[in-house]
Every structure is written in C-alpha cells, then in structure tokens.
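> Input: one structure, supplied below.
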Amino acid sequence: MNEKLKTSIQYIKGVGPKLAKCFEKLELYTVNDLIYFFPRSYEDRRRIPKISEAKNNETMFFVGDVVATKVETTKNRHKLFKANIHDGYGYLSVVWFNQAFLETTIMKGNRLFVSGKVEYNHYTGEYQLMCADYEILDKDMANNISLNRVVPVYNLTKGIVQKKIRMSIYSVLLGYLNYVDEFYEEAFRKQHKLMGIKEALYNLHYPKDRESYALAKRRIVFDDFFMMQLVLAKKRFLNQHREKGISFNVDSQLYVRYLDSLPYSLTNAQQRVINEIKGDMKKIHPMNRLVQGDVGSGKTEIAVAAIIVAVENGYQAALMAPTEILAEQHYKKLLKYLEPLGIKVELLIGRLKTKQKRNVLEYVASNSVDVVIGTHALIQEKVEIPNLGLAIVDEQHRFGVMQRAALKKYGKNPDLVVMTATPIPRTLSLTVYGDLDKSVIDEMPPGRKEIKTEWVTKSTQVLEFLRKKLKDGEQAYYVLPLVEESEKLDLKAAIDMHEYLKTDIYPEFPVGLIHGKMKGDEKDNVMQMFRNKEIRLLVATTVIEVGIDVPNATVMVIEHAERFGLSQLHQLRGRVGRGSLRSYCILIGNPKSEDGRKRLKVMTETTNGFKLAEFDLQLRGPGDFYGVKQSGLPTMRMADFIKDEPLLLEARKIAVDIIEIDPHLDGSEHKSIKKALERTEEYQFSKDAMN
C-alpha cells in the first residue's frame, strides 16, 4: 500500500484531531479507511423539486434561501425552531423539534438543502416540512457536492453530520485516489469484466449512473471473494501437495468386529462417508474433511470407524467436543463401542480432580491411551499427544479456526475430521470451510419418526398435553433461554418455572432442573436421573442443546422460542425423537418482529436442517449466523454471501485455477495480486497455516 494512503484522517482539510476522534468511533483512522467506507444508501438529487410541487405525507427534499427564522414554544413547553425558505416558486416552513440551538446556526440569507416529511398545516393552510436532514449550501451552486447528482448517504456517529463526512471523503477521493494501486493486469480485468479499481472506488461514492454503480460494486465484491478464495485454495493445495502425513492401512479387522457388534446396520449414507474417510486416510497427505449430518443421522458411528483405523495402525486419536456434557456423552458411547475391542479410552475435561487429570495427562503422553476425548482442555499447553494420527472436532461451529489448527499441532500432521450437526449452507461451506473436503450424511436411520412441531403463544395451551404424555410414561424437556446479557434474570426464570411446574402443575410427577451454573457433578446426577426415568420432566436451559440422548423423551417444550436462533431451535428439537415413540416439539413464543414470526413458522413447516440453515442465513446474514470472530469468517466490504453467490462461485473457480498453476503466486502476472493478498485480513489470519 502506498504510504500516502496511511495518512491519518486528522490531516485531511477540515478534519483535525477533534473530529478525527469522532471518525475513530466508525473505525476510520486513515485515508485508505475513508476510501473504503462505502455509503449505506444514495439519494438521487439530479433534479431538485420546486417548493410548489410539495405533496402531503410524502418524504421530499428542497433547496431554498432562508427568509425568516424563529423559535416557538408549544403548549407542552417543547421548543420548535422554524425557518421559512423560498426558491422562487413558493415558500415552505421547515420545522425542527427540540433544536432551538439552530437559531445561532441557520441564519437569514443562508441557502439550505432540507429533506423530511411534508405535512399540510390546517391551521395556517400551508405546507410545512418536518426536517430530518439539512445542509447549509455554498451560494455558488457549482461548488456544492450535495446537489445535481446522485449523493452518497453514510452511516454516522455522534459528532459527525452527512455534510462533513461527505466533504471529507470527496476531498480524499480528489487528493488520494491516484495512490491506490491496481492489482490486476489489464488482460485479467478484460477477461473477467472488471472495472479498474480507481474508477470503481469513485463510482461507489459518486455513481455516474446505475450501470457504473453495478460495475463498481461487482469489482469490489469480486475482490472480497477472490482474495478469500485464493487463501482457501492455497491452503488446500498445500495440504494436498506439500504436507506429508500418515498413510494408513484401512483393511481393519477391528472394524469388522465393530460392525458385527452393532444391533443395527449402517445406512448407505454412513457407509459412503466412511469409505470417503478411509480413502483419505490411505493417502500420504493429511485428511481435512468436514462431515455434515443432521441431528440423529449417525455421526458417532463414523467417528468410531475412523478411530479404529487410526488405532489399529498404532496411532492415537483425539476427539474434541464443545461442552463437558457432550464430551462425557461421547466418552461413554465410545467406551461402549471400543473397550470390547481392547482400545483404551480416556476423558480429559477441565473439572477432573487434580490427581485424575495428572494421571490422564501421563497416560496420554506415554502413549498408554489410544483415544482421548475432551473439550478445549485438549489444546492447552500441558497436554501432549505425541503419537496423534487422527483428530476429530465435533460441533465445529462452536470452535474457531485457530482451535482446529491447534489440535493438528500434535503428532506429525494428523488427519482431521470436522463433524457438525449444524447444517452449513453451501455459500458458507465455500468460505469458512473452503479448505476442507466435504461429506454429507443425507439419510436418517430407518424407523425414526418425524417430529411434529407446533407453535403456540401461551404456555397454558401446552400443560394438559404435557400431563397426558407424562401419564403415558413418557418424558419431556421444558427449555428456557439463558443468555449472557440477562443471565441472572434468565436463571431466576428457569428456577421459578421449575418450582411452578413441580409444585403447582405436576405434583404427582418428579420434576428436575438443570442449568449451566450448576457444578458438573450436579449436572451429571440430574442427567443420570433423567436417563433412569427418576425425573420425568426436566426443566432446562440450553445446556441440553447438543448431543444429549434420552430415547424415552418425546416432548420438547421451548419457552420464549423467539429468543432462540433457528439453528438452536433445530438442535433442541433433535433431543427428542431418539426412540420409536412419536415425538413433539412445542414452541411457545409471541415474537414482535416479522423475522421472529418467520423463524417460528418455518420451524413448523420443515424438519430439514439444511433448509432451515439456508433460511436462517438469509434472515441473519453470515456474520450473525456463526459469529464472525468465532468462525474465522472474513469481514466483507460489500459482498453478500446469499445475493452474490454466482460471483462467489466465479471467484472461487478463478482462484483455484490460478493456484493450481502458480501456488505461490510468483509468476509476473500474479505478483501484484500476491501483494494485495498479503495485506488482507484473511491472509494474515491464515498465514501460519500456509507457512
């Protein structure tokens, strides 16, 4: 980047240190930041309406000279500032509420641009404008950048008005735009129909016309996607061509014994995914595979198959889960499958007693343990897994990219399997997981009945239905939200609901309570009692969102369902329907927003996790879908993963083709692209993985 573009904002004409502090609230520090601070919308001011064209109840804008000003006090003692303006065709009264201070700013003789809602004043018989935005204009109309063109409208913060930010950016475009380097060769731009970078940046702030704006936007969106896809393509290429891993013998006798021990047959989808994993494990290069499977599709059996191959080849395996409850559940399941095969399994979680933890760490470090299961405790400094051949990360969306990389540091380039029950929309699988091969378990085990989902607005509509199911010997969950922002209130609500259901509604049934603030042993005890049917109704916060398996639980009631995301609701619904009985999910909620109503409605219409994920992504956007920091999803300047998917696919293909022929971008035609790439956020984030 040219040093001129690093110039501090405070040195721009008309800014200075004080205003620069205001710009910092918008994360704008340098000239380059301003150039890439794109408008949130535009106003077409190529034609200024005459005041005589004012229409009641419409939002309009006008230009006129101030002929009079005054401050009035209403009956409610509110102050109004009024300015009367004239444009040669008519007069208009412009009103500002509670802004009497404008008396010293807007003076008779000023030329004003004003916009807002036009209202007819029945008392005076004239139109007035309730001012939402205004600018004091230069009398020489040729000097006004806010008129006679399509005008940018920017996000603001306290201390900055549209005129000031518009003037600052316009000044930067005139004085610094020529210092922005073009990083594509002309032939590349022509081939892919890309506008030059300088022209694109100018047209995004001050578009000449619709076509120029569309081409400018296409250029910046392409840049966003292309740089991200170059990083992913390079990581994937290096994984496949540079790193040497372990070539496993996948003809496993233990695997045959494991299959024989199962009381059911694997689905075709499970067998296909296991074969894909075995195919990767045979190769000399490390496996990097994402396994997506909806709730209950049988990912555990796939993990066991991969673990058996690794262990039979003399290597260790590690499985990392996002919560201690899920880690323990994996431990118990894997112990049941693997111990009869002579495979030693240990659990490593934060709340083990000191002596227990020390023993596990010693066993793992001395290669006396074949499989270690844990949470993020697995990637802490004191842990050593010297002979790690296979790393499995469960529920990947709970972990960042860095945690995934940290688990791979053990052993010598171990194989990696990432498993998730959170269906990932295609656009995100091309971005967050673009460096991984993908497998989808697109078939459910036979005999699983579809869960019937209902949405009601009051809890009283649910209680009798719940009583009937409890009388029939079935079990149920009653879930309440628990979020950080209102943790104390939410916890109290869960405790109060437990007391209400236990004492007032179902005194004849044992009602339990589990929440995230309970100690691990307490949670274990409650879950064990629920599994043993000693608790029939379990009041819970979202600690039961992932992985808990109780086949006799047939009803999931979710209170304040509008406070949950679709992914959470789908995960919670997946806690029932684990056995042969018909199961139900009842959403109690009264959402205030249209999006909230859409979320609950779509839950009643489909149990397909992939459809729900696509819908959720459209509603919330990718940043909120996973959490930008959490997922490692790069910040997009203009790109929209849903609307711009065709350009994402185009950028991906171009990036893959380039990396295939020039993986280090050393060719003369790629050197400027390489420089631009090295400045990007996603490159810096992934640098360690590529060196």
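Residues are named by chain letter and number: chains run A, B, ... in the order of the structure tokens, numbers start at 1 in each chain, and ligands are numbered from 1 in the order shown.
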Any chance you could list, as a list in words, the residues in range 470-505 of chain A that come up strand (DSSP E) when DSSP is run on the backbone?
Gln475, Ala476, Tyr477, Tyr478 and Val479 of chain A
> Would you please give, as a VMD selection string, all residues of range 283-336 of chain A that DSSP assigns to alpha helix (DSSP H) based on the backbone?
chain A and resid 299 to 312 324 to 336
> Please measure the separation of CA of Asn268 in chain A and CA of Pro446 in chain A, giving the value in Å to one decimal.
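Result for CA of Asn268 in chain A versus CA of Pro446 in chain A: 10.9 Å, one decimal.
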> At what distance in Å, to one decimal, does CA of Ser52 in chain A lie from CA of Thr69 in chain A?
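Atom-to-atom, CA of Thr69 in chain A and CA of Ser52 in chain A are spaced 20.3 Å apart.
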> Using only C-alpha atoms, can you tell me which of A:Val526, A:Phe615, A:Ser580, A:Leu230 comes closest to Leu566 in chain A?
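Of A:Val526, A:Phe615, A:Ser580, A:Leu230, the one nearest Leu566 in chain A is A:Phe615, counting only C-alpha atoms.
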> Tell me which protein, DNA and RNA residues are within 8 Å of Pro286 in chain A, counting only C-alpha atoms, leaving out same-chain ones fewer than 5 positions away, and put them as JSON, numbers by chain.
{"A": [239, 240, 243, 244, 245, 246, 280, 281, 413, 414, 415, 416]}
> Gln528 in chain A: which residues within 12 Å, counting only C-alpha atoms, same-chain residues fewer than 3 positions away excluded, as a list of chain:residue names?
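After dropping sequence-adjacent residues, the list is A:Ile325, A:Glu328, A:Gln329, A:Gly512, A:Ile514, A:Asp521, A:Glu522, A:Lys523, A:Asp524, A:Asn525, A:Arg531, A:Asn532, A:Lys533, A:Glu534, A:Ile535, A:Arg536, A:Leu538, A:Ile548, A:Asp549, A:Val550.
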